[in-house]
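Chemist: Below are the structure tokens for one structure; questions will follow.
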Amino acid sequence: MLALEHVSYRYAGAPRPSLHEIDVALADGEVLGVVGASGAGKTTLCLVASGLAPRTVGGSLSGRLLLDAGDVAGWPIHRLAGTVAIAFANPATQLSGVTGTVYEEVAFGPMNLGLPRDEIIERCASALEQLAIADLADRHPARLSGGQQQLVALAGMLAMRPRHLVLDEPTAQLDPAGTALVAAALSRLVAGGASILLTEHKTDLLARLCSRVAVLDGGRVAFEGPAVVVLSDPRLAELGVTPPAADRLRQAASEADLAAATLQRVDEALAG
Amino acid sequence: MTDLRLEGLTYRYPAGSVMALREVDLAIGSGQRVAIIGQNGSGKSTLVRHLNGLLRPTSGRVRHDGEDVAHRTVAQLARSVGLVFQDPERQIFSGSVAAEVEFGPRNLGLRGAALQDAVSEALARVGLEAARRTNPYDLGQSGRKLLTLASVLAMRTPVLVLDEPTTGQDRRGTEIVRRVVATASAEGRTVIAISHDMEFVASTFDRVVVLGEGRVVLDGTPAEVFAEGAWEMLRATNLEPPLPALIGARLGVGATPTIEALVGALRA
Amino acid sequence: MVIGGVLGPLLLAGVAVILPALVARVLGRLLRTSLLLSLPIAVSVLVVNLFFYPGGATVLLQLGPITATAEGLAFAVEVLARIMAISGAITLFYLTTPPGELVIDLERRGVSPRLAFVVNASAQTVPAMVERAAAITDAQRARGLDTQGSLWRRIRGVVPLAGPMLLGSLAEVEERTMALEARGFTRPGRRTLLWSPPDRGIERLARWALVASIPALIVLRAMGALG
């Protein structure tokens with residue numbers, strides 16, 4: 001369980017809070033999508049959920065971040081590192097920059113945690129396998145494609161054996177091939193029961209992966225609910241979110257006064 | 001305005017063994033809206049860098065209005081071709097939005113009222129006029145991308161080239177980019193964009209050029225390029241047609257690359 | 001007293017440089033590199049001492065007003081022997097120790113992981129910075145920055161070229177820091193090293209023997225046993 005309870009957060013030196021009285025909860029094994037316009041607070045939410053805000057980023061937090069262990073307010077960031085793992089949009093800045101192979105890169109986190117050598121080896125093997133990148137183990141991380149680097153970053157996260165994954169627009173800077181790679185990897189993780197909080201502009205991706213979606217607007221949760229319901233809500237567009245292509249197509253088709261039979265055929269084609 | 005022509009353009013990077021571009025022949029008439037698509041490594045970035053002289057052909061020619069531009073410097077060609085790069089962090093150096101936008105037109109010799117005019121117009125087009133005095137790093141990522149767009153718009157070049165203008169953009173940002181393209185095109189400017197957002201491509205451009213391994217593999221309207229007959233070719237270059245094209249084919253209503261086209265075809 | 005005799009340095013060079021180089025199979029490269037390394041200073045030592053050694057009496061060669069003396073030559077040879085021993089040792093170290101391994105071994109012996117990180121990170125930063133510099137140059141040239149004009153023009157170009165480099169790197173720092181901290185980088189204490197360079201008994205013995213030889217050699221020198 002990961003929950004933000006009545007959380008408000010203001011960046012250091014910012015005139016206004018970026019999050020207002022947010023209540024968001026991620027149950028075990030759940031995939032929660034978060035959408036919203038740029039500046040609505042998606043990244044801030046991720047930073048608070050992972051504990052980076054306020055520990056690393058500074059600023060002031062009111063309200064509570066709750067993990068299974070309870071209120072983690074006093075926990076230093078390295079203690080949270082084994083429970084909540086976070087990945088960002090830029091593939092290159094997530095690499096440590098000190099390793100010569102993907103294997104070492106994935107081992108970086110567990111090494112920092114001071115785990116026994118055997119356990120580190122086991123975790124690396126398992127993480128590489130979960131993301132199907134064992135064949136990249138000897139490659140130099142800096143020479144991989146963006147999508148591959150994101151997978152390496154994900155593997156590095158998984159090697160920490162976190163209970164929760166927080167992903168802030170992991171495909172934002174990737175081309176379609178990279179996005180497909182990451183999407184497939186996330187599907188595998190979801191199938192394996194991972195708890196994921198995922199922010200994205202690509203609502204098509206969220207439609208495939210998420211069970212629930214929350215919509216942020218100006219630092220508040222505008223509304224949330226099951227993914228299917230939220231992603232077809234007409235309010236999305238005015239909140240700066242582009243609904244999935246399928247939903248927009250259905251919307252346009254129904255607005256065009258097409259015959260019911262035609263609409264039926266469209267629905268069937270979309271489902272196929 | 002400017003007619004662009006690439007003749008037998010071949011390019012090999014100095015360090016590389018692979019040909020990044022092979023015998024590319026491409027003519028882009030003044031005022032066209034062209035999208036260049038292709039997977040990573042297909043040569044898109046390499047191609048557009050030849051348009052303003054950042055790269056020079058290993059063999060072949062680049063012509064502006066019929067004239068070979070081999071002897072013109074990048075600074076000179078910047079008057080005709082404005083190229084907006086993907087990464088704002090590899091460009092921004094000023095303390096304010098306005099100062100950043102001034103850089104380009106100032107290099108082209110604009111001063112005083114003419115300079116301020118160009119800057120204000122560009123800022124208005126991307127919706128940043130209220131942020132004139134803001135530090136670029138206080139804008140979000142979306143704002144910075146629009147800033148780099150404005151920086152080149154202010155140069156008022158007859159040709160505008162955009163490298164992945166909607167990547168990482170939110171809905172509002174994408175809308176602004178669409179409007180910028182439409183306005184520029186209405187003014188008679190040529191707009192060329194590299195993009196992997198198929199929906200953006202299909203709805204904003206009248207011509208799509210598909211690159212694969214350094215060659216042009218498809219060249220036509222969005223309807224032609226995303227028609228079912230072309231899917232095999234597209235998929236061979238790791239591209240996927242936009243959803244309306246897929247659904248339109250499934251429903252047997254012809255080539256419908258956009259939602260509008262599909263709905264229009266269904267009405268008929 | 002400090003400089004005197006060729007036996008000492010040659011002995012040291014033989015045992016501490018030539019022998020290990022043979023074992024590590026880098027003798028050829030070592031000889032070439034250390035000769036090249038010491039060439040400039042060797043030439044100057046030779047010339048200066050050959051012709052200008054105070055108290056040189058035995059004349060070898062007369063070139064107008066300057067004289068080459070045998071004493072000068074002998075002295076030069078002694079100095080050169082020491083220079084070769086030193087440059088040989090430096091070259092041997094450089095040829096047999098990959099920097100990554102050195103850093104890991106230091107960390108194993110207690111150097112802070114953060115220092116190790118900084119050393120390693122610096123090495124990898126260079127290619128990324130080169131690539132970034134090229135991208136920045138392209139972007140600014142596309143905005144009309146003249147990189148081929150007069151000197152004054154090019155000086156004006158420093159801010160638009162260096163600015164994004166600096167600002168971009170600074171902007172990245174926060175994200176990199178967050179990524180590192182989220183991976184437990186700031187955990188106090190040592191981290192587990194997956195691997196460290198093997199340190200065999202014989203190598204350890206050799207190291208200690210060399211260290212112990214220093215006082216021994218000084219004593220021998222003082223007693224005049226090394227000439």
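In the structure tokens, each chain is lettered A, B, ... as it comes, each chain's residues begin at 1, and ligands are numbered from 1 in order of appearance.
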May I have the residues of chain B within 8 Å of chain A, counting only C-alpha atoms, written as a ChimeraX atom specification?
Modeler: /B:39-40,140,142,167-172,196,238-239,243-244,247,250-251,259-260,263,266-267
Chemist: Convert the current residue selection to file output with C-alpha atoms, as an mmCIF file, in the first residue's frame.
Modeler:
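Saved the output as selection.cif:
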data_model
loop_
_atom_site.group_PDB
_atom_site.id
_atom_site.type_symbol
_atom_site.label_atom_id
_atom_site.label_comp_id
_atom_site.auth_asym_id
_atom_site.auth_seq_id
_atom_site.Cartn_x
_atom_site.Cartn_y
_atom_site.Cartn_z
ATOM 1 C CA GLN B 39 12.375 4.917 -37.612
ATOM 2 C CA ASN B 40 15.441 5.992 -35.698
ATOM 3 C CA GLY B 140 7.936 23.811 -17.771
ATOM 4 C CA SER B 142 6.404 22.175 -22.599
ATOM 5 C CA THR B 167 7.363 14.917 -28.552
ATOM 6 C CA GLY B 168 6.876 15.428 -24.834
ATOM 7 C CA GLN B 169 4.219 18.059 -25.468
ATOM 8 C CA ASP B 170 0.844 18.070 -23.777
ATOM 9 C CA ARG B 171 -2.484 18.672 -25.516
ATOM 10 C CA ARG B 172 -2.306 22.454 -25.407
ATOM 11 C CA HIS B 196 6.835 10.021 -35.019
ATOM 12 C CA ASN B 238 8.853 -0.163 -37.969
ATOM 13 C CA LEU B 239 6.072 2.381 -38.361
ATOM 14 C CA LEU B 243 -5.805 4.236 -35.785
ATOM 15 C CA PRO B 244 -8.357 5.839 -38.148
ATOM 16 C CA ILE B 247 -10.317 1.171 -38.678
ATOM 17 C CA ARG B 250 -11.314 -2.759 -41.480
ATOM 18 C CA LEU B 251 -14.637 -1.123 -42.325
ATOM 19 C CA ILE B 259 -10.729 10.774 -37.574
ATOM 20 C CA GLU B 260 -12.341 13.485 -39.694
ATOM 21 C CA VAL B 263 -16.213 9.942 -40.033
ATOM 22 C CA LEU B 266 -18.803 6.738 -42.914
ATOM 23 C CA ARG B 267 -21.360 9.498 -43.450
#
Chemist: Within 12 Å of Thr69 of chain C, counting only C-alpha atoms, which residues qualify if same-chain residues fewer than 3 places away don't, as an MDAnalysis selection string?
Modeler: chainID C and resid 46:63 66 72:76
Chemist: For a quick test of understanding: name the residues of chain B lying within 9 Å of chain C when counting only C-alpha atoms, and present them as a ChimeraX atom specification.
Modeler: /B:49,52-54,73-79,81-85,87-94,103-108,137,151-152,155
Chemist: With 6 Å as the limit and counting only C-alpha atoms, what residues in chain A lie close to chain C? Please list them as number ranges by chain.
Modeler: A: 78, 81, 93-94, 97-98, 109, 111-112, 114
Chemist: Can you list, as a VMD selection string, all residues belonging to segment 37-219 of chain B that DSSP tags as strand (DSSP E or B)?
Modeler: chain B and resid 37 59 to 64 67 to 68 81 to 84 159 to 163 190 to 194 207 to 212 215 to 219
Chemist: Store the residues of this selection in a file with N, CA and C atoms, as a compact mmCIF listing (two decimals), in the first residue's frame.
Modeler:
# COMPACT_ATOMS: atom_id res chain seq x y z
N ILE B 37 8.87 11.02 -41.97
CA ILE B 37 8.76 10.00 -40.93
C ILE B 37 9.68 8.83 -41.24
N SER B 59 28.02 13.17 -51.68
CA SER B 59 27.86 13.40 -53.12
C SER B 59 26.41 13.81 -53.35
N GLY B 60 26.17 14.50 -54.45
CA GLY B 60 24.83 15.01 -54.70
C GLY B 60 24.77 16.50 -54.44
N ARG B 61 23.59 17.05 -54.62
CA ARG B 61 23.45 18.51 -54.53
C ARG B 61 22.23 18.92 -53.73
N VAL B 62 22.36 20.09 -53.09
CA VAL B 62 21.21 20.71 -52.42
C VAL B 62 20.97 22.04 -53.11
N ARG B 63 19.75 22.25 -53.60
CA ARG B 63 19.46 23.51 -54.29
C ARG B 63 18.34 24.28 -53.60
N HIS B 64 18.57 25.58 -53.48
CA HIS B 64 17.51 26.50 -53.06
C HIS B 64 17.17 27.35 -54.27
N GLU B 67 19.51 27.12 -57.15
CA GLU B 67 20.94 27.40 -56.98
C GLU B 67 21.58 26.42 -56.00
N ASP B 68 22.70 25.86 -56.38
CA ASP B 68 23.44 24.95 -55.51
C ASP B 68 23.96 25.74 -54.30
N VAL B 81 16.30 29.05 -44.19
CA VAL B 81 15.80 27.84 -43.56
C VAL B 81 15.97 27.93 -42.05
N GLY B 82 14.88 27.93 -41.33
CA GLY B 82 14.95 27.96 -39.87
C GLY B 82 14.73 26.55 -39.34
N LEU B 83 15.68 26.05 -38.57
CA LEU B 83 15.59 24.67 -38.07
C LEU B 83 15.44 24.66 -36.56
N VAL B 84 14.36 24.08 -36.10
CA VAL B 84 14.10 24.00 -34.66
C VAL B 84 14.48 22.61 -34.18
N VAL B 159 11.40 29.00 -45.09
CA VAL B 159 11.26 27.58 -44.82
C VAL B 159 11.42 27.34 -43.32
N LEU B 160 10.52 26.55 -42.77
CA LEU B 160 10.55 26.26 -41.33
C LEU B 160 10.68 24.74 -41.18
N VAL B 161 11.71 24.30 -40.46
CA VAL B 161 11.89 22.86 -40.27
C VAL B 161 11.80 22.55 -38.78
N LEU B 162 10.95 21.60 -38.42
CA LEU B 162 10.72 21.29 -37.01
C LEU B 162 11.13 19.84 -36.74
N ASP B 163 12.02 19.67 -35.76
CA ASP B 163 12.45 18.31 -35.43
C ASP B 163 11.70 17.82 -34.19
N THR B 190 7.13 27.35 -46.36
CA THR B 190 7.23 25.89 -46.44
C THR B 190 7.44 25.37 -45.02
N VAL B 191 6.70 24.35 -44.63
CA VAL B 191 6.89 23.79 -43.30
C VAL B 191 7.24 22.31 -43.45
N ILE B 192 8.37 21.94 -42.86
CA ILE B 192 8.81 20.54 -42.90
C ILE B 192 8.94 20.07 -41.46
N ALA B 193 8.41 18.92 -41.14
CA ALA B 193 8.51 18.44 -39.76
C ALA B 193 8.91 16.98 -39.73
N ILE B 194 9.82 16.67 -38.82
CA ILE B 194 10.14 15.28 -38.52
C ILE B 194 9.26 14.91 -37.34
N ARG B 207 1.69 16.31 -47.18
CA ARG B 207 2.58 15.36 -47.86
C ARG B 207 3.41 14.63 -46.83
N VAL B 208 3.55 13.32 -46.99
CA VAL B 208 4.34 12.53 -46.05
C VAL B 208 5.44 11.81 -46.82
N VAL B 209 6.68 12.00 -46.37
CA VAL B 209 7.82 11.32 -46.98
C VAL B 209 8.33 10.30 -45.97
N VAL B 210 8.38 9.03 -46.36
CA VAL B 210 8.82 7.98 -45.45
C VAL B 210 10.25 7.58 -45.81
N LEU B 211 11.14 7.66 -44.83
CA LEU B 211 12.53 7.26 -45.05
C LEU B 211 12.78 5.90 -44.43
N GLY B 212 13.56 5.09 -45.13
CA GLY B 212 13.96 3.81 -44.59
C GLY B 212 15.39 3.55 -45.00
N ARG B 215 16.90 5.91 -47.57
CA ARG B 215 16.22 6.11 -48.86
C ARG B 215 14.79 6.54 -48.64
N VAL B 216 14.22 7.19 -49.68
CA VAL B 216 12.80 7.50 -49.64
C VAL B 216 12.06 6.25 -50.06
N VAL B 217 11.22 5.71 -49.18
CA VAL B 217 10.49 4.49 -49.54
C VAL B 217 9.03 4.76 -49.89
N LEU B 218 8.49 5.88 -49.40
CA LEU B 218 7.12 6.26 -49.74
C LEU B 218 7.04 7.77 -49.79
N ASP B 219 6.22 8.30 -50.68
CA ASP B 219 6.10 9.75 -50.77
C ASP B 219 4.72 10.05 -51.33
Chemist: Mind checking DSSP for segment 66-200 of chain B and telling me the helix (DSSP H, G or I) residues as a ChimeraX atom specification?
Modeler: /B:74-77,88-90,97-107,112-126,129-131,136-138,141-153,171-186,198-200
Chemist: Could you name the residues that touch Ser196 of chain C at 9 Å or less, counting only C-alpha atoms, but leaving out those on the same chain fewer than 6 positions away, as a PyMOL selection string?
Modeler: chain C and resi 101+104-105+108
Chemist: Quick check, in Å to one decimal: how far apart do atom CA of Gln86 of chain B and atom CA of Ala154 of chain B lie?
Modeler: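 Going from atom CA of Gln86 of chain B over to atom CA of Ala154 of chain B covers 17.4 Å.
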Chemist: What is the distance between atom CA of Arg189 of chain B and atom CA of Gly29 of chain B, in Å to one decimal?
Modeler: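 Distance reported for this atom pair: 10.0 Å.
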Chemist: I'd like the contact shell of Pro15 of chain A - 12 Å cut-off, only C-alpha atoms, skipping same-chain residues fewer than 4 positions apart - returned as an MDAnalysis selection string.
Modeler: chainID A and resid 9:11 59:60
